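For reference, entry-v4.pdb (PDB, C-alpha atoms, pLDDT in the B column):
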```pdb
MODEL        1
ATOM      1  CA  MET A  29     -55.387 -57.711  -4.510  1.00 89.00           C
ATOM      2  CA  LEU A  30     -53.808 -58.514  -7.848  1.00 92.00           C
ATOM      3  CA  ALA A  31     -56.319 -59.143 -10.646  1.00 94.00           C
ATOM      4  CA  ASN A  32     -55.111 -62.717 -11.195  1.00 95.00           C
ATOM      5  CA  VAL A  33     -55.520 -63.505  -7.489  1.00 96.00           C
ATOM      6  CA  ARG A  34     -59.047 -62.062  -7.591  1.00 96.00           C
ATOM      7  CA  LYS A  35     -59.942 -64.268 -10.582  1.00 97.00           C
ATOM      8  CA  HIS A  36     -58.465 -67.321  -8.836  1.00 97.00           C
ATOM      9  CA  SER A  37     -60.475 -66.560  -5.687  1.00 97.00           C
ATOM     10  CA  LEU A  38     -63.716 -66.229  -7.652  1.00 97.00           C
ATOM     11  CA  GLN A  39     -63.200 -69.652  -9.238  1.00 96.00           C
ATOM     12  CA  VAL A  40     -62.277 -71.242  -5.869  1.00 97.00           C
ATOM     13  CA  ALA A  41     -65.455 -69.737  -4.383  1.00 97.00           C
ATOM     14  CA  ASN A  42     -67.497 -71.170  -7.262  1.00 96.00           C
ATOM     15  CA  ILE A  43     -66.194 -74.695  -6.645  1.00 97.00           C
ATOM     16  CA  ALA A  44     -66.363 -74.503  -2.837  1.00 98.00           C
ATOM     17  CA  ALA A  45     -69.957 -73.251  -3.034  1.00 97.00           C
ATOM     18  CA  GLN A  46     -70.909 -76.106  -5.389  1.00 96.00           C
ATOM     19  CA  LEU A  47     -69.453 -78.602  -2.912  1.00 97.00           C
ATOM     20  CA  ALA A  48     -71.292 -76.936  -0.041  1.00 98.00           C
ATOM     21  CA  GLN A  49     -74.578 -76.878  -1.967  1.00 97.00           C
ATOM     22  CA  ARG A  50     -74.232 -80.563  -2.754  1.00 97.00           C
ATOM     23  CA  ALA A  51     -73.543 -81.342   0.909  1.00 98.00           C
ATOM     24  CA  ARG A  52     -76.535 -79.241   1.958  1.00 97.00           C
ATOM     25  CA  SER A  53     -78.783 -81.064  -0.526  1.00 97.00           C
ATOM     26  CA  LEU A  54     -77.702 -84.357   1.073  1.00 97.00           C
ATOM     27  CA  GLY A  55     -78.688 -83.119   4.532  1.00 97.00           C
ATOM     28  CA  PHE A  56     -75.328 -81.943   5.890  1.00 97.00           C
ATOM     29  CA  ALA A  57     -75.424 -78.876   8.133  1.00 96.00           C
ATOM     30  CA  VAL A  58     -73.419 -76.580   5.858  1.00 97.00           C
ATOM     31  CA  ASP A  59     -73.721 -72.794   5.617  1.00 97.00           C
ATOM     32  CA  VAL A  60     -73.203 -72.300   1.883  1.00 98.00           C
ATOM     33  CA  ALA A  61     -72.926 -68.509   2.166  1.00 98.00           C
ATOM     34  CA  THR A  62     -70.135 -68.748   4.744  1.00 98.00           C
ATOM     35  CA  VAL A  63     -68.271 -71.322   2.628  1.00 98.00           C
ATOM     36  CA  ARG A  64     -68.509 -69.004  -0.373  1.00 98.00           C
ATOM     37  CA  ALA A  65     -67.404 -65.943   1.610  1.00 98.00           C
ATOM     38  CA  SER A  66     -64.467 -67.799   3.137  1.00 98.00           C
ATOM     39  CA  ALA A  67     -63.395 -69.077  -0.278  1.00 98.00           C
ATOM     40  CA  LEU A  68     -63.615 -65.568  -1.736  1.00 98.00           C
ATOM     41  CA  LEU A  69     -61.302 -64.361   1.043  1.00 98.00           C
ATOM     42  CA  HIS A  70     -58.903 -67.328   1.100  1.00 98.00           C
ATOM     43  CA  ASP A  71     -56.112 -65.416  -0.707  1.00 98.00           C
ATOM     44  CA  LEU A  72     -56.960 -62.015   0.752  1.00 97.00           C
ATOM     45  CA  ALA A  73     -53.389 -61.454   1.978  1.00 98.00           C
ATOM     46  CA  LYS A  74     -51.601 -63.096  -0.978  1.00 96.00           C
ATOM     47  CA  THR A  75     -50.618 -59.863  -2.721  1.00 96.00           C
ATOM     48  CA  TRP A  76     -49.340 -58.295   0.501  1.00 97.00           C
ATOM     49  CA  CYS A  77     -47.323 -61.415   1.365  1.00 96.00           C
ATOM     50  CA  LEU A  78     -45.841 -61.667  -2.136  1.00 94.00           C
ATOM     51  CA  LYS A  79     -44.439 -58.177  -1.616  1.00 96.00           C
ATOM     52  CA  ASN A  80     -43.563 -58.410   2.075  1.00 97.00           C
ATOM     53  CA  GLY A  81     -43.269 -62.079   3.007  1.00 96.00           C
ATOM     54  CA  GLY A  82     -45.158 -64.088   5.587  1.00 96.00           C
ATOM     55  CA  SER A  83     -47.978 -66.597   5.575  1.00 96.00           C
ATOM     56  CA  HIS A  84     -50.834 -65.355   3.409  1.00 97.00           C
ATOM     57  CA  ALA A  85     -53.153 -67.920   5.011  1.00 97.00           C
ATOM     58  CA  LEU A  86     -52.514 -66.798   8.577  1.00 97.00           C
ATOM     59  CA  LEU A  87     -52.424 -63.077   7.814  1.00 98.00           C
ATOM     60  CA  GLY A  88     -55.586 -63.357   5.709  1.00 98.00           C
ATOM     61  CA  ALA A  89     -57.326 -65.267   8.511  1.00 98.00           C
ATOM     62  CA  SER A  90     -56.304 -62.595  10.986  1.00 98.00           C
ATOM     63  CA  TRP A  91     -57.648 -59.829   8.753  1.00 98.00           C
ATOM     64  CA  SER A  92     -60.857 -61.784   8.101  1.00 97.00           C
ATOM     65  CA  ALA A  93     -61.482 -62.426  11.790  1.00 97.00           C
ATOM     66  CA  GLN A  94     -60.722 -58.825  12.702  1.00 97.00           C
ATOM     67  CA  GLU A  95     -63.032 -57.364  10.085  1.00 97.00           C
ATOM     68  CA  THR A  96     -65.921 -59.839  10.202  1.00 96.00           C
ATOM     69  CA  ARG A  97     -65.745 -61.390  13.686  1.00 97.00           C
ATOM     70  CA  ASN A  98     -66.777 -64.572  11.895  1.00 97.00           C
ATOM     71  CA  PHE A  99     -64.268 -67.119  13.105  1.00 97.00           C
ATOM     72  CA  ARG A 100     -65.676 -69.978  10.980  1.00 95.00           C
ATOM     73  CA  LEU A 101     -65.054 -67.845   7.912  1.00 96.00           C
ATOM     74  CA  ALA A 102     -61.514 -67.081   9.126  1.00 98.00           C
ATOM     75  CA  GLN A 103     -60.913 -70.792   9.770  1.00 97.00           C
ATOM     76  CA  GLY A 104     -61.337 -71.543   6.078  1.00 97.00           C
ATOM     77  CA  VAL A 105     -58.836 -68.819   5.181  1.00 98.00           C
ATOM     78  CA  ALA A 106     -56.310 -70.040   7.775  1.00 98.00           C
ATOM     79  CA  LEU A 107     -56.483 -73.699   6.756  1.00 97.00           C
ATOM     80  CA  HIS A 108     -56.823 -73.462   2.966  1.00 97.00           C
ATOM     81  CA  VAL A 109     -53.200 -74.389   2.271  1.00 95.00           C
ATOM     82  CA  HIS A 110     -52.948 -77.581   4.318  1.00 95.00           C
ATOM     83  CA  TRP A 111     -55.027 -79.559   6.838  1.00 97.00           C
ATOM     84  CA  PRO A 112     -52.580 -80.079   9.750  1.00 96.00           C
ATOM     85  CA  TRP A 113     -54.354 -83.038  11.407  1.00 97.00           C
ATOM     86  CA  PRO A 114     -55.383 -86.493  10.239  1.00 97.00           C
ATOM     87  CA  LEU A 115     -58.260 -86.168   7.780  1.00 98.00           C
ATOM     88  CA  PRO A 116     -61.687 -87.153   9.096  1.00 97.00           C
ATOM     89  CA  GLN A 117     -62.592 -90.551   7.679  1.00 97.00           C
ATOM     90  CA  ASP A 118     -66.324 -90.020   8.114  1.00 97.00           C
ATOM     91  CA  ALA A 119     -68.964 -87.599   6.856  1.00 97.00           C
ATOM     92  CA  SER A 120     -67.451 -84.750   8.913  1.00 97.00           C
ATOM     93  CA  ILE A 121     -65.022 -84.387   5.987  1.00 97.00           C
ATOM     94  CA  CYS A 122     -67.878 -82.368   4.422  1.00 97.00           C
ATOM     95  CA  SER A 123     -66.989 -79.113   6.135  1.00 97.00           C
ATOM     96  CA  LEU A 124     -66.083 -75.518   5.341  1.00 97.00           C
ATOM     97  CA  PRO A 125     -62.282 -75.754   5.583  1.00 98.00           C
ATOM     98  CA  ILE A 126     -62.096 -79.014   3.632  1.00 98.00           C
ATOM     99  CA  PHE A 127     -64.266 -77.615   0.832  1.00 98.00           C
ATOM    100  CA  ILE A 128     -61.933 -74.620   0.521  1.00 98.00           C
ATOM    101  CA  ILE A 129     -58.749 -76.688   0.651  1.00 98.00           C
ATOM    102  CA  TYR A 130     -60.065 -78.930  -2.110  1.00 98.00           C
ATOM    103  CA  ALA A 131     -61.447 -76.110  -4.261  1.00 98.00           C
ATOM    104  CA  ASP A 132     -58.146 -74.231  -4.031  1.00 98.00           C
ATOM    105  CA  LYS A 133     -56.257 -77.323  -5.159  1.00 97.00           C
ATOM    106  CA  ARG A 134     -58.543 -77.718  -8.195  1.00 97.00           C
ATOM    107  CA  VAL A 135     -57.931 -74.180  -9.518  1.00 97.00           C
ATOM    108  CA  ARG A 136     -54.807 -73.350 -11.508  1.00 95.00           C
ATOM    109  CA  HIS A 137     -54.781 -69.599 -11.883  1.00 93.00           C
ATOM    110  CA  ASP A 138     -58.477 -69.091 -12.769  1.00 93.00           C
ATOM    111  CA  GLN A 139     -59.271 -72.431 -14.409  1.00 93.00           C
ATOM    112  CA  ALA A 140     -60.646 -75.607 -12.886  1.00 94.00           C
ATOM    113  CA  VAL A 141     -58.234 -78.452 -13.612  1.00 95.00           C
ATOM    114  CA  SER A 142     -57.579 -81.938 -12.315  1.00 94.00           C
ATOM    115  CA  LEU A 143     -55.425 -82.370  -9.220  1.00 96.00           C
ATOM    116  CA  ASP A 144     -52.658 -83.844 -11.372  1.00 96.00           C
ATOM    117  CA  GLU A 145     -52.623 -80.782 -13.634  1.00 96.00           C
ATOM    118  CA  ARG A 146     -52.646 -78.407 -10.671  1.00 96.00           C
ATOM    119  CA  PHE A 147     -49.783 -80.110  -8.900  1.00 97.00           C
ATOM    120  CA  GLU A 148     -47.703 -80.448 -12.082  1.00 97.00           C
ATOM    121  CA  ASP A 149     -47.984 -76.656 -12.400  1.00 96.00           C
ATOM    122  CA  LEU A 150     -47.027 -76.155  -8.752  1.00 95.00           C
ATOM    123  CA  LEU A 151     -43.948 -78.348  -9.209  1.00 97.00           C
ATOM    124  CA  VAL A 152     -42.813 -76.308 -12.207  1.00 96.00           C
ATOM    125  CA  ARG A 153     -43.409 -72.953 -10.521  1.00 93.00           C
ATOM    126  CA  TYR A 154     -42.384 -73.678  -6.923  1.00 93.00           C
ATOM    127  CA  GLY A 155     -40.528 -77.013  -6.845  1.00 96.00           C
ATOM    128  CA  LYS A 156     -37.057 -75.471  -6.910  1.00 96.00           C
ATOM    129  CA  THR A 157     -35.672 -77.410  -3.932  1.00 97.00           C
ATOM    130  CA  ALA A 158     -36.017 -80.954  -2.628  1.00 97.00           C
ATOM    131  CA  GLU A 159     -37.840 -79.571   0.410  1.00 97.00           C
ATOM    132  CA  ALA A 160     -40.300 -77.651  -1.773  1.00 96.00           C
ATOM    133  CA  ARG A 161     -40.933 -80.707  -3.955  1.00 97.00           C
ATOM    134  CA  ALA A 162     -41.544 -82.849  -0.863  1.00 97.00           C
ATOM    135  CA  GLY A 163     -44.051 -80.298   0.451  1.00 96.00           C
ATOM    136  CA  ILE A 164     -45.854 -80.197  -2.888  1.00 97.00           C
ATOM    137  CA  ALA A 165     -45.958 -84.013  -3.017  1.00 97.00           C
ATOM    138  CA  SER A 166     -47.397 -84.129   0.508  1.00 97.00           C
ATOM    139  CA  SER A 167     -50.025 -81.545  -0.376  1.00 97.00           C
ATOM    140  CA  CYS A 168     -50.911 -83.488  -3.532  1.00 98.00           C
ATOM    141  CA  GLN A 169     -51.345 -86.704  -1.566  1.00 98.00           C
ATOM    142  CA  GLN A 170     -53.586 -84.931   0.943  1.00 98.00           C
ATOM    143  CA  ALA A 171     -55.666 -83.357  -1.845  1.00 98.00           C
ATOM    144  CA  LYS A 172     -56.177 -86.759  -3.489  1.00 98.00           C
ATOM    145  CA  GLU A 173     -57.308 -88.252  -0.176  1.00 98.00           C
ATOM    146  CA  ILE A 174     -59.703 -85.321   0.320  1.00 98.00           C
ATOM    147  CA  GLU A 175     -61.049 -85.834  -3.214  1.00 98.00           C
ATOM    148  CA  LYS A 176     -61.624 -89.529  -2.535  1.00 97.00           C
ATOM    149  CA  LEU A 177     -63.421 -88.867   0.754  1.00 98.00           C
ATOM    150  CA  LEU A 178     -65.526 -85.979  -0.540  1.00 98.00           C
ATOM    151  CA  SER A 179     -66.500 -88.029  -3.599  1.00 97.00           C
ATOM    152  CA  LYS A 180     -67.667 -90.813  -1.316  1.00 97.00           C
ATOM    153  CA  TYR A 181     -69.745 -88.674   1.057  1.00 98.00           C
ATOM    154  CA  LEU A 182     -71.062 -86.259  -1.574  1.00 97.00           C
ATOM    155  CA  LYS A 183     -71.860 -89.178  -3.922  1.00 96.00           C
ATOM    156  CA  TRP A 184     -70.165 -87.275  -6.716  1.00 94.00           C
ATOM    157  CA  ASN A 185     -67.085 -88.255  -8.745  1.00 93.00           C
ATOM    158  CA  LEU A 186     -65.153 -85.040  -8.233  1.00 94.00           C
ATOM    159  CA  ASN A 187     -62.166 -86.141 -10.300  1.00 88.00           C
ATOM    160  CA  GLU A 188     -64.321 -86.073 -13.428  1.00 81.00           C
ATOM    161  CA  ASN A 189     -65.973 -82.696 -12.804  1.00 79.00           C
ATOM    162  CA  THR A 190     -64.664 -79.408 -14.187  1.00 76.00           C
ATOM    163  CA  PHE A 191     -67.182 -77.439 -12.071  1.00 82.00           C
ATOM    164  CA  ASP A 192     -67.984 -75.098 -14.915  1.00 72.00           C
ATOM    165  CA  SER A 193     -70.283 -76.653 -17.478  1.00 54.00           C
ATOM    166  CA  GLY A 194     -70.439 -80.253 -16.389  1.00 50.00           C
ATOM    167  CA  ARG A 195     -67.839 -81.395 -18.909  1.00 48.00           C
ATOM    168  CA  LEU A 196     -65.489 -84.147 -17.893  1.00 47.00           C
ATOM    169  CA  VAL A 197     -61.855 -83.474 -17.105  1.00 48.00           C
ATOM    170  CA  GLN A 198     -59.788 -85.039 -19.853  1.00 47.00           C
ATOM    171  CA  ARG A 199     -57.549 -87.813 -18.613  1.00 47.00           C
ATOM    172  CA  THR A 200     -54.093 -88.047 -20.116  1.00 45.00           C
TER     173      THR A 200
ENDMDL
END
```
Rewrite the structure from the file as structure tokens, please.
Amino acid sequence: MLANVRKHSLQVANIAAQLAQRARSLGFAVDVATVRASALLHDLAKTWCLKNGGSHALLGASWSAQETRNFRLAQGVALHVHWPWPLPQDASICSLPIFIIYADKRVRHDQAVSLDERFEDLLVRYGKTAEARAGIASSCQQAKEIEKLLSKYLKWNLNENTFDSGRLVQRT
């Protein structure tokens, strides 16, 4: 794993674990350790796929399931890029894969940033075609809906949290 991917994964795990701990403190049945482990592994196959092609989410999930036999953990790895179904509109939004999707979208490289900052960076780096830009826009919209729902059920304004020292994200 490339060093920058490792640093990114550590920060994603930090945020996902904070979300899971908050959910647990509010009485949700969340296994914080599994959320953290899944988040640490979410980009497990990224380096290999950068060199060889393929879906890092699906390959990483396959490796995770094979090595751990923990299919909940592998689910978070498989789904961290995009939730393929309608988002739950109730408290079931507070779940392992959603925590990892959201945490991943809040981390640019190894820094916690707002969703707007993260997606601006993604557009610059990957938005080379109309199709790519449309995919990024769709992912951004989904991330903002997840943020809204998680904020509601976790009783926590996630948009304003940097997840590091409690400072507020600066709005521009």
Next item on the list: Considering only C-alpha atoms, state which residue in the set A:Leu38, A:Ile43, A:Val33, A:Ala57 is at the smallest distance from Asp71 (chain A).
Entry: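 That would be A:Val33, the residue with the smallest distance to Asp71 (chain A).
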Notebook entry, point to check: Counting only C-alpha atoms, what is within 12 Å of Asp59 (chain A), bar same-chain residues fewer than 5 positions away, as a list of chain:residue names?
Noted result: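 After dropping sequence-adjacent residues, the list is A:Ala44, A:Ala45, A:Gln46, A:Leu47, A:Ala48, A:Gln49, A:Arg50, A:Ala51, A:Arg52, A:Ser53, A:Arg64, A:Ala65, A:Ser66, A:Arg100, A:Leu101, A:Cys122, A:Ser123, A:Leu124, A:Pro125, A:Phe127.
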Checklist line | Two-atom distance - CA of Leu78 (chain A), CA of Arg136 (chain A) (Å) | finding: 17.5 Å
Margin query: For the PyMOL selection byres ((chain A and resi 92) around 10), applied here, can you spell out every residue it catches as a PyMOL selection string?
Written below: chain A and resi 66+69-70+72-73+86-91+93-106
Check: Could you state the separation of CA of Ser120 (chain A) and CA of Lys133 (chain A) in Å, given to one decimal place?
Finding: 19.5 Å
Could the centre and edge lengths of an axis-aligned box, enclosing all atoms of region 93-112 of chain A in the file with 4 Å extra on each side, be given in Å to one decimal as JSON?
```
{"center_x": -59.7, "center_y": -68.7, "center_z": 8.0, "size_x": 22.2, "size_y": 30.7, "size_z": 19.4}
```
Margin query: Between CA of Ala41 (chain A) and CA of Gly155 (chain A), what is the distance in Å, rounded to a tenth?
Written below: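 Separation between CA of Ala41 (chain A) and CA of Gly155 (chain A): 26.1 Å.
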Next item on the list: Give me the residues within 9 Å of His110 (chain A) as an MDAnalysis selection string, counting only C-alpha atoms and dropping any in the same chain fewer than 5 places off.
Entry: chainID A and resid 129 167 170:171
Item checked: Best match for closeness to Phe191 (chain A) among A:Lys172, A:His36, A:Arg134, A:His84, counting all atoms listed in the file -> A:Arg134
Check: For the file shown, what are the residues hit by the PyMOL selection byres ((chain A and resi 168) around 12), laid out as a PyMOL selection string?
Finding: chain A and resi 109-111+129-130+132-134+142-151+161-167+169-175
Checklist line | Best match for closeness to Leu115 (chain A) among A:Ala160, A:Leu177, A:Gln139, A:Glu188, counting only C-alpha atoms | finding: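 Ranking A:Ala160, A:Leu177, A:Gln139, A:Glu188 by distance to Leu115 (chain A), first place goes to A:Leu177.
Among the candidates A:Val60, A:Val152, A:Leu54, A:Ala67, the residue lying nearest to Ile128 (chain A) is A:Ala67 (atoms considered: all atoms listed in the file).
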Margin query: Let me make sure I understand: among A:Ala119, A:Val135, A:Ala140, A:Trp184, which one has the smallest atom-to-atom distance to Val58 (chain A) if we use all atoms listed in the file?
Written below: A:Ala119
